[in-house]
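Notes follow the structure.
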There are 2 protein chains.
Amino acid sequence: MRSVDEIVNGVLEGDTRALARAITMVENEREGYEQVLERIYPHTGKAYVVGLTGAPGVGKSTLVDRLAKFARGHGHSVGILAVDPTSPFSGGAILGDRVRMQSHSGDPGVFIRSLATRGQLGGLSRASGGVIQLMDAAGRDLILVETVGSGQSEVEIMRYAHTVVVVVIAGLGDEIQMIKAGILEIGDVFCVNKADREGSDRTAADLRMLADSCSKGWIPPVVKTQARSGEGVDQLYQAIFGHRQYLESTGDMRHRQLRSAEAGIRDIIIEQVVDRTLDLARAEQVLDELLERLTARQTNPYQAAKHLLNAYGSQILRMCEGDAE
Amino acid sequence: MRSVDEIVNGVLEGDTRALARAITMVENEREGYEQVLERIYPHTGKAYVVGLTGAPGVGKSTLVDRLAKFARGHGHSVGILAVDPTSPFSGGAILGDRVRMQSHSGDPGVFIRSLATRGQLGGLSRASGGVIQLMDAAGRDLILVETVGSGQSEVEIMRYAHTVVVVVIAGLGDEIQMIKAGILEIGDVFCVNKADREGSDRTAADLRMLADSCSKGWIPPVVKTQARSGEGVDQLYQAIFGHRQYLESTGDMRHRQLRSAEAGIRDIIIEQVVDRTLDLARAEQVLDELLERLTARQTNPYQAAKHLLNAYGSQILRMCEGDAE
């Protein structure tokens, strides 16, 4: 068991083994992880964070690998975070990392890590924020965060990205569905991958029209790619860095930084107050009893919440003060 | 402006106008909404809640409408909640309701309502829980909750469902992606819609194999449907009620009720502690200043969170006590 000092120093020196250890600490909320995150925080804020999101099967992983290779060609070091709400059955995260590492054939300039859910609500978003900070502090210039587009925590994770790339493929149905899904709102760049599929031009044109008519300020570019062959990946890379220049030349970068900072604080307050309260109540069987009464309609959720806050609130606040010392 | 009394009484009598007003109160967190939810809570717990989720374009809305018609044919009253992270541009929710209402041609036995995001994290999940309770208290036997499968809050919303139907279509790519997306974990029933698409049999067979090999206890059935023509909707209905019987004959129903109750309490504590703390700090410009210091790396998120809890924690706890009276 390495000390917090050793791990922090290792991460700050860019040592990949220390980085991997630190990430495991954060992922498992192992003792000392908060200290590690506190100590590396002053050294963060240098990396550029790009989020890629989209439905399963649109080819995000291949695209991320291609972008990483492209960035390496430009001399940047890369961190890849694949956020993977994997079922406990498949246990795919670690295996996936190994397979993907091979595609960068031992290039130490590409650091890949997956994070999988362990059931806890909000835990994945919180851990993702921590991992991004660790990669940032370890000196990675570009951090690519890939989320499987099936739900869980995605939008929350995207709060940590400077540029969000929404990846789609043609043939997923009526384009109006994409508006309904709110993707126009979170996407800074749209990527129509597998562009050899029938209908890709149409999908790209529809997206362009929607982007033009709806945007205020930045108009999200629409790029067609074929990640397998690498076609269009350079344009995608340009589009991402075009967005970066836009953010930097307007006040928007500052706005995103503040938004991401607020998200980070909120995640921590939830962890330290809400989840600690529930954990304490669970440990003392108070929660079980309360849930029984609630399902029997002998109380209501508001009264139950108040009950827990009255019972544990002061204790939780004292714990937070204690932590501050 | 109706009084809380009038609205509560109206909802409990099953009056649809009162139900619609109450939902609007909850959606907009209008004064008195918590009282309404507290007062109707003892009358909840009777409805069966079915969640339908899946990627945009798989045909969830049509499927939900068909299931509603089917349930009506069996004499059940139905509530439909379409959770729609609609972009503010499209403003689609209300318009969508009107179009869909017509498909039930004024049948008062089908009550339809959409909820759209208003940006606030967690707000959609919280509001959805409230709307489900209102429909339940208003005497709806079956509540169908449809979420657009693009991310935001879905999995959280599905915690409120007794049976979760995952809707897919063939041709979205490698089936392994579905495992990666974690859908095996949340699905109680799988529905391959648009079953006339090429590859539907294969997709259904793959899902069946995965469901068989991974499940513990309940084996999620796989049903092929064509929602447009109505083909297979009766089998889907049977599969859902097969799952209900399973839940009721084992201890699993109780487990889901407890899980849903805990989710409800957690949402309320987040609202009353975390969001209130941030709101207070925002109102006093303390949050802005803290975020500035944070982005300048003069503090770290843990210290910032502690600072806010030390500054506002006691006040927040007193507010909660006050509420309890």
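To be explicit about the labels: the chains of the structure tokens are called A, B, and onward in the order shown, and within each one the residues are counted from 1, while ligands get numbers from 1 in the order they are shown.
Residues surrounding Asp141 of chain B within 7 Å are Ala47, Tyr48, His76, Ser77 and Val78 of chain B [only C-alpha atoms; sequence separation below 3 positions excluded].
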Using all C-alpha atoms paired in order, least-squares fit chain A onto chain B and give me the moved copy as an mmCIF file with C-alpha atoms, in the first residue's frame.
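This went into selection_24.cif:
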data_model
loop_
_atom_site.group_PDB
_atom_site.id
_atom_site.type_symbol
_atom_site.label_atom_id
_atom_site.label_comp_id
_atom_site.auth_asym_id
_atom_site.auth_seq_id
_atom_site.Cartn_x
_atom_site.Cartn_y
_atom_site.Cartn_z
ATOM 1 C CA MET A 1 -55.242 30.033 -8.031
ATOM 2 C CA ARG A 2 -56.824 26.964 -6.460
ATOM 3 C CA SER A 3 -56.072 26.082 -2.895
ATOM 4 C CA VAL A 4 -54.029 23.033 -2.000
ATOM 5 C CA ASP A 5 -57.207 21.517 -0.523
ATOM 6 C CA GLU A 6 -59.169 21.836 -3.742
ATOM 7 C CA ILE A 7 -56.366 20.365 -5.809
ATOM 8 C CA VAL A 8 -55.768 17.459 -3.440
ATOM 9 C CA ASN A 9 -59.472 16.630 -3.273
ATOM 10 C CA GLY A 10 -59.794 16.894 -7.036
ATOM 11 C CA VAL A 11 -56.861 14.552 -7.605
ATOM 12 C CA LEU A 12 -58.226 12.016 -5.115
ATOM 13 C CA GLU A 13 -61.612 12.115 -6.866
ATOM 14 C CA GLY A 14 -59.848 11.343 -10.130
ATOM 15 C CA ASP A 15 -60.712 14.695 -11.684
ATOM 16 C CA THR A 16 -58.419 15.070 -14.696
ATOM 17 C CA ARG A 17 -58.344 18.868 -14.609
ATOM 18 C CA ALA A 18 -57.208 18.837 -10.999
ATOM 19 C CA LEU A 19 -54.646 16.156 -11.898
ATOM 20 C CA ALA A 20 -53.312 18.296 -14.744
ATOM 21 C CA ARG A 21 -53.061 21.310 -12.420
ATOM 22 C CA ALA A 22 -51.286 19.321 -9.747
ATOM 23 C CA ILE A 23 -48.771 18.009 -12.276
ATOM 24 C CA THR A 24 -48.051 21.533 -13.485
ATOM 25 C CA MET A 25 -47.438 22.578 -9.869
ATOM 26 C CA VAL A 26 -44.969 19.736 -9.393
ATOM 27 C CA GLU A 27 -43.274 20.311 -12.741
ATOM 28 C CA ASN A 28 -42.689 23.976 -11.966
ATOM 29 C CA GLU A 29 -42.089 23.443 -8.257
ATOM 30 C CA ARG A 30 -44.801 26.003 -7.666
ATOM 31 C CA GLU A 31 -45.602 27.008 -4.096
ATOM 32 C CA GLY A 32 -47.547 24.339 -2.287
ATOM 33 C CA TYR A 33 -46.465 21.430 -4.478
ATOM 34 C CA GLU A 34 -44.736 19.675 -1.601
ATOM 35 C CA GLN A 35 -47.913 19.881 0.471
ATOM 36 C CA VAL A 36 -49.906 18.401 -2.399
ATOM 37 C CA LEU A 37 -47.441 15.510 -2.702
ATOM 38 C CA GLU A 38 -47.439 14.940 1.054
ATOM 39 C CA ARG A 39 -51.219 14.905 1.249
ATOM 40 C CA ILE A 40 -51.807 12.541 -1.671
ATOM 41 C CA TYR A 41 -49.028 10.144 -0.640
ATOM 42 C CA PRO A 42 -51.154 7.988 1.697
ATOM 43 C CA HIS A 43 -53.405 7.244 -1.291
ATOM 44 C CA THR A 44 -50.609 5.981 -3.531
ATOM 45 C CA GLY A 45 -49.171 2.506 -4.028
ATOM 46 C CA LYS A 46 -52.087 1.018 -5.966
ATOM 47 C CA ALA A 47 -51.013 1.627 -9.556
ATOM 48 C CA TYR A 48 -48.754 -0.660 -11.536
ATOM 49 C CA VAL A 49 -45.902 1.314 -13.085
ATOM 50 C CA VAL A 50 -44.283 0.174 -16.328
ATOM 51 C CA GLY A 51 -41.225 1.982 -17.703
ATOM 52 C CA LEU A 52 -40.314 1.837 -21.380
ATOM 53 C CA THR A 53 -36.862 2.929 -22.448
ATOM 54 C CA GLY A 54 -34.711 2.679 -25.549
ATOM 55 C CA ALA A 55 -32.816 4.735 -28.111
ATOM 56 C CA PRO A 56 -34.549 7.507 -30.063
ATOM 57 C CA GLY A 57 -36.367 6.174 -33.100
ATOM 58 C CA VAL A 58 -37.177 2.686 -31.848
ATOM 59 C CA GLY A 59 -40.875 3.502 -31.660
ATOM 60 C CA LYS A 60 -41.523 3.829 -27.942
ATOM 61 C CA SER A 61 -44.383 6.341 -28.221
ATOM 62 C CA THR A 62 -46.356 4.220 -30.675
ATOM 63 C CA LEU A 63 -45.795 1.183 -28.483
ATOM 64 C CA VAL A 64 -46.968 3.038 -25.398
ATOM 65 C CA ASP A 65 -50.114 4.191 -27.202
ATOM 66 C CA ARG A 66 -50.829 0.610 -28.289
ATOM 67 C CA LEU A 67 -50.306 -0.738 -24.788
ATOM 68 C CA ALA A 68 -52.640 1.936 -23.462
ATOM 69 C CA LYS A 69 -55.369 0.916 -25.931
ATOM 70 C CA PHE A 70 -54.872 -2.712 -24.984
ATOM 71 C CA ALA A 71 -55.151 -1.945 -21.279
ATOM 72 C CA ARG A 72 -58.303 0.083 -21.933
ATOM 73 C CA GLY A 73 -59.751 -2.961 -23.669
ATOM 74 C CA HIS A 74 -59.225 -4.824 -20.403
ATOM 75 C CA GLY A 75 -61.020 -2.122 -18.465
ATOM 76 C CA HIS A 76 -57.996 -0.473 -16.880
ATOM 77 C CA SER A 77 -57.535 3.262 -16.589
ATOM 78 C CA VAL A 78 -54.199 4.468 -17.882
ATOM 79 C CA GLY A 79 -51.773 7.286 -17.179
ATOM 80 C CA ILE A 80 -48.986 7.986 -19.661
ATOM 81 C CA LEU A 81 -45.937 9.975 -18.640
ATOM 82 C CA ALA A 82 -43.584 10.829 -21.495
ATOM 83 C CA VAL A 83 -40.327 12.074 -20.048
ATOM 84 C CA ASP A 84 -38.823 14.153 -22.711
ATOM 85 C CA PRO A 85 -35.496 15.890 -22.371
ATOM 86 C CA THR A 86 -36.661 18.194 -25.116
ATOM 87 C CA SER A 87 -34.477 21.025 -26.202
ATOM 88 C CA PRO A 88 -35.913 24.422 -25.315
ATOM 89 C CA PHE A 89 -35.917 25.162 -29.040
ATOM 90 C CA SER A 90 -38.449 22.571 -30.039
ATOM 91 C CA GLY A 91 -40.852 23.175 -27.152
ATOM 92 C CA GLY A 92 -42.318 19.873 -28.187
ATOM 93 C CA ALA A 93 -43.815 18.504 -24.996
ATOM 94 C CA ILE A 94 -47.196 20.201 -25.001
ATOM 95 C CA LEU A 95 -47.685 19.973 -28.732
ATOM 96 C CA GLY A 96 -46.764 16.292 -28.540
ATOM 97 C CA ASP A 97 -49.413 15.730 -25.861
ATOM 98 C CA ARG A 98 -52.112 17.224 -28.076
ATOM 99 C CA VAL A 99 -51.171 15.095 -31.059
ATOM 100 C CA ARG A 100 -51.102 11.972 -28.925
ATOM 101 C CA MET A 101 -54.322 12.741 -27.104
ATOM 102 C CA GLN A 102 -56.073 12.613 -30.458
ATOM 103 C CA SER A 103 -55.001 9.028 -30.964
ATOM 104 C CA HIS A 104 -57.065 8.148 -27.891
ATOM 105 C CA SER A 105 -59.871 10.306 -29.317
ATOM 106 C CA GLY A 106 -60.985 11.907 -26.119
ATOM 107 C CA ASP A 107 -61.050 8.702 -24.060
ATOM 108 C CA PRO A 108 -60.928 10.035 -20.486
ATOM 109 C CA GLY A 109 -59.549 6.650 -19.449
ATOM 110 C CA VAL A 110 -56.195 7.631 -20.947
ATOM 111 C CA PHE A 111 -54.434 10.575 -19.328
ATOM 112 C CA ILE A 112 -51.291 11.735 -21.129
ATOM 113 C CA ARG A 113 -48.668 14.099 -19.872
ATOM 114 C CA SER A 114 -45.142 15.016 -20.943
ATOM 115 C CA LEU A 115 -42.412 16.327 -18.714
ATOM 116 C CA ALA A 116 -39.486 18.190 -20.213
ATOM 117 C CA THR A 117 -36.211 19.158 -18.624
ATOM 118 C CA ARG A 118 -35.551 22.644 -17.540
ATOM 119 C CA GLY A 119 -31.858 22.193 -17.184
ATOM 120 C CA GLN A 120 -31.748 21.383 -13.506
ATOM 121 C CA LEU A 121 -29.868 18.220 -12.734
ATOM 122 C CA GLY A 122 -31.990 15.630 -11.029
ATOM 123 C CA GLY A 123 -35.073 17.790 -11.421
ATOM 124 C CA LEU A 124 -36.593 15.558 -14.049
ATOM 125 C CA SER A 125 -36.264 12.412 -12.001
ATOM 126 C CA ARG A 126 -37.726 14.138 -8.955
ATOM 127 C CA ALA A 127 -40.650 15.559 -10.916
ATOM 128 C CA SER A 128 -41.288 12.172 -12.556
ATOM 129 C CA GLY A 129 -41.579 10.533 -9.157
ATOM 130 C CA GLY A 130 -44.107 13.171 -8.136
ATOM 131 C CA VAL A 131 -46.168 12.832 -11.303
ATOM 132 C CA ILE A 132 -46.310 9.046 -10.948
ATOM 133 C CA GLN A 133 -47.624 9.500 -7.398
ATOM 134 C CA LEU A 134 -50.248 11.969 -8.571
ATOM 135 C CA MET A 135 -51.517 9.655 -11.327
ATOM 136 C CA ASP A 136 -51.510 6.803 -8.833
ATOM 137 C CA ALA A 137 -53.496 8.789 -6.262
ATOM 138 C CA ALA A 138 -55.934 9.829 -9.007
ATOM 139 C CA GLY A 139 -56.784 6.179 -9.460
ATOM 140 C CA ARG A 140 -54.953 5.269 -12.651
ATOM 141 C CA ASP A 141 -54.477 1.473 -12.627
ATOM 142 C CA LEU A 142 -51.617 1.345 -15.065
ATOM 143 C CA ILE A 143 -48.969 4.031 -15.478
ATOM 144 C CA LEU A 144 -46.760 3.871 -18.544
ATOM 145 C CA VAL A 145 -43.574 5.908 -18.270
ATOM 146 C CA GLU A 146 -41.697 6.477 -21.490
ATOM 147 C CA THR A 147 -38.182 7.921 -21.502
ATOM 148 C CA VAL A 148 -36.305 8.982 -24.591
ATOM 149 C CA GLY A 149 -33.138 6.938 -24.528
ATOM 150 C CA SER A 150 -30.602 9.647 -24.870
ATOM 151 C CA GLY A 151 -29.152 9.847 -21.429
ATOM 152 C CA GLN A 152 -30.438 12.171 -18.808
ATOM 153 C CA SER A 153 -32.018 10.716 -15.714
ATOM 154 C CA GLU A 154 -33.424 7.634 -17.392
ATOM 155 C CA VAL A 155 -32.006 5.031 -15.157
ATOM 156 C CA GLU A 156 -33.033 7.132 -12.192
ATOM 157 C CA ILE A 157 -36.577 7.382 -13.481
ATOM 158 C CA MET A 158 -36.694 3.632 -14.062
ATOM 159 C CA ARG A 159 -36.216 3.152 -10.304
ATOM 160 C CA TYR A 160 -39.871 4.139 -9.987
ATOM 161 C CA ALA A 161 -41.077 1.382 -12.337
ATOM 162 C CA HIS A 162 -42.187 -2.093 -11.326
ATOM 163 C CA THR A 163 -41.453 -3.511 -14.766
ATOM 164 C CA VAL A 164 -38.895 -2.041 -17.152
ATOM 165 C CA VAL A 165 -39.315 -2.751 -20.863
ATOM 166 C CA VAL A 166 -36.215 -2.146 -22.963
ATOM 167 C CA VAL A 167 -37.183 -1.444 -26.572
ATOM 168 C CA VAL A 168 -34.662 -2.091 -29.339
ATOM 169 C CA ILE A 169 -34.705 -2.429 -33.098
ATOM 170 C CA ALA A 170 -32.499 -4.565 -35.303
ATOM 171 C CA GLY A 171 -29.643 -2.927 -37.148
ATOM 172 C CA LEU A 172 -28.261 -0.690 -34.433
ATOM 173 C CA GLY A 173 -24.994 -2.579 -34.599
ATOM 174 C CA ASP A 174 -23.241 -5.375 -32.811
ATOM 175 C CA GLU A 175 -25.304 -6.906 -30.029
ATOM 176 C CA ILE A 176 -22.299 -6.800 -27.739
ATOM 177 C CA GLN A 177 -22.968 -3.072 -27.627
ATOM 178 C CA MET A 178 -26.223 -3.758 -25.874
ATOM 179 C CA ILE A 179 -24.417 -5.620 -23.141
ATOM 180 C CA LYS A 180 -21.924 -2.798 -22.874
ATOM 181 C CA ALA A 181 -24.784 -0.391 -22.544
ATOM 182 C CA GLY A 182 -25.941 -2.272 -19.481
ATOM 183 C CA ILE A 183 -29.439 -2.891 -20.798
ATOM 184 C CA LEU A 184 -29.502 -6.481 -19.635
ATOM 185 C CA GLU A 185 -29.288 -5.142 -16.160
ATOM 186 C CA ILE A 186 -32.266 -2.820 -16.185
ATOM 187 C CA GLY A 187 -34.588 -4.717 -18.537
ATOM 188 C CA ASP A 188 -37.297 -7.025 -17.199
ATOM 189 C CA VAL A 189 -38.777 -7.481 -20.652
ATOM 190 C CA PHE A 190 -37.094 -6.943 -24.016
ATOM 191 C CA CYS A 191 -39.064 -5.767 -26.989
ATOM 192 C CA VAL A 192 -37.694 -5.944 -30.540
ATOM 193 C CA ASN A 193 -39.914 -3.401 -32.259
ATOM 194 C CA LYS A 194 -40.248 -2.742 -36.004
ATOM 195 C CA ALA A 195 -39.891 -6.521 -36.235
ATOM 196 C CA ASP A 196 -40.216 -6.427 -40.014
ATOM 197 C CA ARG A 197 -36.737 -4.918 -40.173
ATOM 198 C CA GLU A 198 -33.996 -7.148 -41.469
ATOM 199 C CA GLY A 199 -32.125 -8.901 -38.689
ATOM 200 C CA SER A 200 -34.938 -8.759 -36.133
ATOM 201 C CA ASP A 201 -34.966 -12.537 -35.636
ATOM 202 C CA ARG A 202 -31.249 -12.504 -35.067
ATOM 203 C CA THR A 203 -31.480 -9.632 -32.603
ATOM 204 C CA ALA A 204 -34.266 -11.401 -30.709
ATOM 205 C CA ALA A 205 -32.309 -14.665 -30.637
ATOM 206 C CA ASP A 206 -29.162 -12.929 -29.389
ATOM 207 C CA LEU A 207 -31.107 -11.181 -26.663
ATOM 208 C CA ARG A 208 -32.735 -14.444 -25.644
ATOM 209 C CA MET A 209 -29.391 -16.162 -25.385
ATOM 210 C CA LEU A 210 -27.942 -13.342 -23.322
ATOM 211 C CA ALA A 211 -31.005 -13.169 -21.094
ATOM 212 C CA ASP A 212 -30.883 -16.917 -20.495
ATOM 213 C CA SER A 213 -27.215 -17.046 -19.654
ATOM 214 C CA CYS A 214 -27.107 -13.987 -17.436
ATOM 215 C CA SER A 215 -30.284 -13.902 -15.443
ATOM 216 C CA LYS A 216 -30.633 -14.862 -11.860
ATOM 217 C CA GLY A 217 -34.221 -15.784 -11.123
ATOM 218 C CA TRP A 218 -36.462 -14.009 -13.610
ATOM 219 C CA ILE A 219 -35.486 -14.609 -17.240
ATOM 220 C CA PRO A 220 -36.481 -11.520 -19.239
ATOM 221 C CA PRO A 221 -38.735 -12.591 -22.102
ATOM 222 C CA VAL A 222 -38.011 -11.235 -25.571
ATOM 223 C CA VAL A 223 -41.057 -10.131 -27.562
ATOM 224 C CA LYS A 224 -41.181 -9.043 -31.186
ATOM 225 C CA THR A 225 -43.628 -6.264 -32.017
ATOM 226 C CA GLN A 226 -44.711 -4.015 -34.830
ATOM 227 C CA ALA A 227 -46.228 -1.151 -32.937
ATOM 228 C CA ARG A 228 -47.563 0.567 -36.081
ATOM 229 C CA SER A 229 -49.788 -2.375 -36.990
ATOM 230 C CA GLY A 230 -50.246 -3.524 -33.417
ATOM 231 C CA GLU A 231 -48.732 -6.939 -34.073
ATOM 232 C CA GLY A 232 -47.247 -8.548 -30.981
ATOM 233 C CA VAL A 233 -48.577 -5.902 -28.592
ATOM 234 C CA ASP A 234 -50.761 -8.485 -26.856
ATOM 235 C CA GLN A 235 -47.695 -10.689 -26.236
ATOM 236 C CA LEU A 236 -45.837 -7.693 -24.866
ATOM 237 C CA TYR A 237 -48.747 -6.977 -22.548
ATOM 238 C CA GLN A 238 -48.712 -10.609 -21.389
ATOM 239 C CA ALA A 239 -44.958 -10.496 -20.833
ATOM 240 C CA ILE A 240 -45.300 -7.401 -18.657
ATOM 241 C CA PHE A 241 -48.004 -9.008 -16.555
ATOM 242 C CA GLY A 242 -46.030 -12.227 -16.380
ATOM 243 C CA HIS A 243 -43.287 -10.201 -14.766
ATOM 244 C CA ARG A 244 -45.775 -8.636 -12.405
ATOM 245 C CA GLN A 245 -46.948 -12.082 -11.285
ATOM 246 C CA TYR A 246 -43.340 -13.144 -10.794
ATOM 247 C CA LEU A 247 -42.644 -10.088 -8.637
ATOM 248 C CA GLU A 248 -45.750 -10.711 -6.582
ATOM 249 C CA SER A 249 -45.106 -14.407 -6.095
ATOM 250 C CA THR A 250 -41.522 -13.837 -4.938
ATOM 251 C CA GLY A 251 -40.177 -11.247 -2.526
ATOM 252 C CA ASP A 252 -39.029 -9.104 -5.423
ATOM 253 C CA MET A 253 -42.006 -6.760 -5.445
ATOM 254 C CA ARG A 254 -41.209 -5.751 -1.900
ATOM 255 C CA HIS A 255 -37.579 -5.200 -2.894
ATOM 256 C CA ARG A 256 -38.597 -2.902 -5.748
ATOM 257 C CA GLN A 257 -40.941 -0.944 -3.520
ATOM 258 C CA LEU A 258 -38.191 -0.378 -0.984
ATOM 259 C CA ARG A 259 -35.748 0.636 -3.718
ATOM 260 C CA SER A 260 -38.217 3.096 -5.136
ATOM 261 C CA ALA A 261 -38.949 4.497 -1.656
ATOM 262 C CA GLU A 262 -35.244 5.029 -1.006
ATOM 263 C CA ALA A 263 -34.850 6.758 -4.375
ATOM 264 C CA GLY A 264 -37.673 9.091 -3.430
ATOM 265 C CA ILE A 265 -36.109 10.022 -0.097
ATOM 266 C CA ARG A 266 -32.716 10.563 -1.707
ATOM 267 C CA ASP A 267 -34.171 12.879 -4.367
ATOM 268 C CA ILE A 268 -35.842 14.960 -1.675
ATOM 269 C CA ILE A 269 -32.724 15.236 0.477
ATOM 270 C CA ILE A 270 -30.756 16.387 -2.559
ATOM 271 C CA GLU A 271 -33.404 18.985 -3.286
ATOM 272 C CA GLN A 272 -33.735 20.233 0.268
ATOM 273 C CA VAL A 273 -30.099 20.193 1.285
ATOM 274 C CA VAL A 274 -27.814 20.269 -1.739
ATOM 275 C CA ASP A 275 -29.803 22.469 -4.077
ATOM 276 C CA ARG A 276 -30.960 24.776 -1.296
ATOM 277 C CA THR A 277 -27.358 25.228 -0.155
ATOM 278 C CA LEU A 278 -26.269 26.108 -3.672
ATOM 279 C CA ASP A 279 -29.267 28.424 -4.118
ATOM 280 C CA LEU A 280 -28.522 30.285 -0.881
ATOM 281 C CA ALA A 281 -24.858 30.616 -1.787
ATOM 282 C CA ARG A 282 -25.810 31.814 -5.260
ATOM 283 C CA ALA A 283 -28.218 34.419 -3.913
ATOM 284 C CA GLU A 284 -25.527 35.874 -1.650
ATOM 285 C CA GLN A 285 -22.863 35.850 -4.419
ATOM 286 C CA VAL A 286 -20.880 33.430 -2.258
ATOM 287 C CA LEU A 287 -21.098 30.734 -4.896
ATOM 288 C CA ASP A 288 -19.781 32.946 -7.686
ATOM 289 C CA GLU A 289 -16.825 33.989 -5.612
ATOM 290 C CA LEU A 290 -16.098 30.401 -4.625
ATOM 291 C CA LEU A 291 -16.276 29.214 -8.239
ATOM 292 C CA GLU A 292 -13.848 31.977 -9.233
ATOM 293 C CA ARG A 293 -11.400 30.852 -6.553
ATOM 294 C CA LEU A 294 -11.901 27.245 -7.566
ATOM 295 C CA THR A 295 -11.189 27.828 -11.252
ATOM 296 C CA ALA A 296 -8.134 29.871 -10.219
ATOM 297 C CA ARG A 297 -7.026 26.784 -8.233
ATOM 298 C CA GLN A 298 -6.919 28.843 -5.015
ATOM 299 C CA THR A 299 -9.112 26.222 -3.376
ATOM 300 C CA ASN A 300 -10.243 22.713 -4.274
ATOM 301 C CA PRO A 301 -13.729 21.211 -4.647
ATOM 302 C CA TYR A 302 -13.585 19.448 -1.261
ATOM 303 C CA GLN A 303 -12.643 22.614 0.573
ATOM 304 C CA ALA A 304 -15.269 24.535 -1.377
ATOM 305 C CA ALA A 305 -17.973 22.028 -0.453
ATOM 306 C CA LYS A 306 -16.936 22.169 3.200
ATOM 307 C CA HIS A 307 -16.951 25.936 3.095
ATOM 308 C CA LEU A 308 -20.548 25.954 1.844
ATOM 309 C CA LEU A 309 -21.665 23.345 4.365
ATOM 310 C CA ASN A 310 -20.043 25.254 7.221
ATOM 311 C CA ALA A 311 -21.612 28.496 6.030
ATOM 312 C CA TYR A 312 -25.137 27.257 5.273
ATOM 313 C CA GLY A 313 -25.501 23.806 6.816
ATOM 314 C CA SER A 314 -27.063 24.843 10.126
ATOM 315 C CA GLN A 315 -29.426 27.256 8.418
ATOM 316 C CA ILE A 316 -30.532 24.540 5.981
ATOM 317 C CA LEU A 317 -31.129 22.092 8.824
ATOM 318 C CA ARG A 318 -33.210 24.671 10.688
ATOM 319 C CA MET A 319 -35.268 25.251 7.527
ATOM 320 C CA CYS A 320 -35.940 21.517 7.345
ATOM 321 C CA GLU A 321 -37.026 21.439 10.985
ATOM 322 C CA GLY A 322 -39.259 24.416 10.299
ATOM 323 C CA ASP A 323 -40.834 22.595 7.369
ATOM 324 C CA ALA A 324 -41.615 19.671 9.624
ATOM 325 C CA GLU A 325 -43.945 21.721 11.755
#
Review point. As a ChimeraX atom specification, which residues of segment 16-79 of chain A does DSSP assign to alpha helix (DSSP H)?
Key: /A:16-27,33-40,60-73
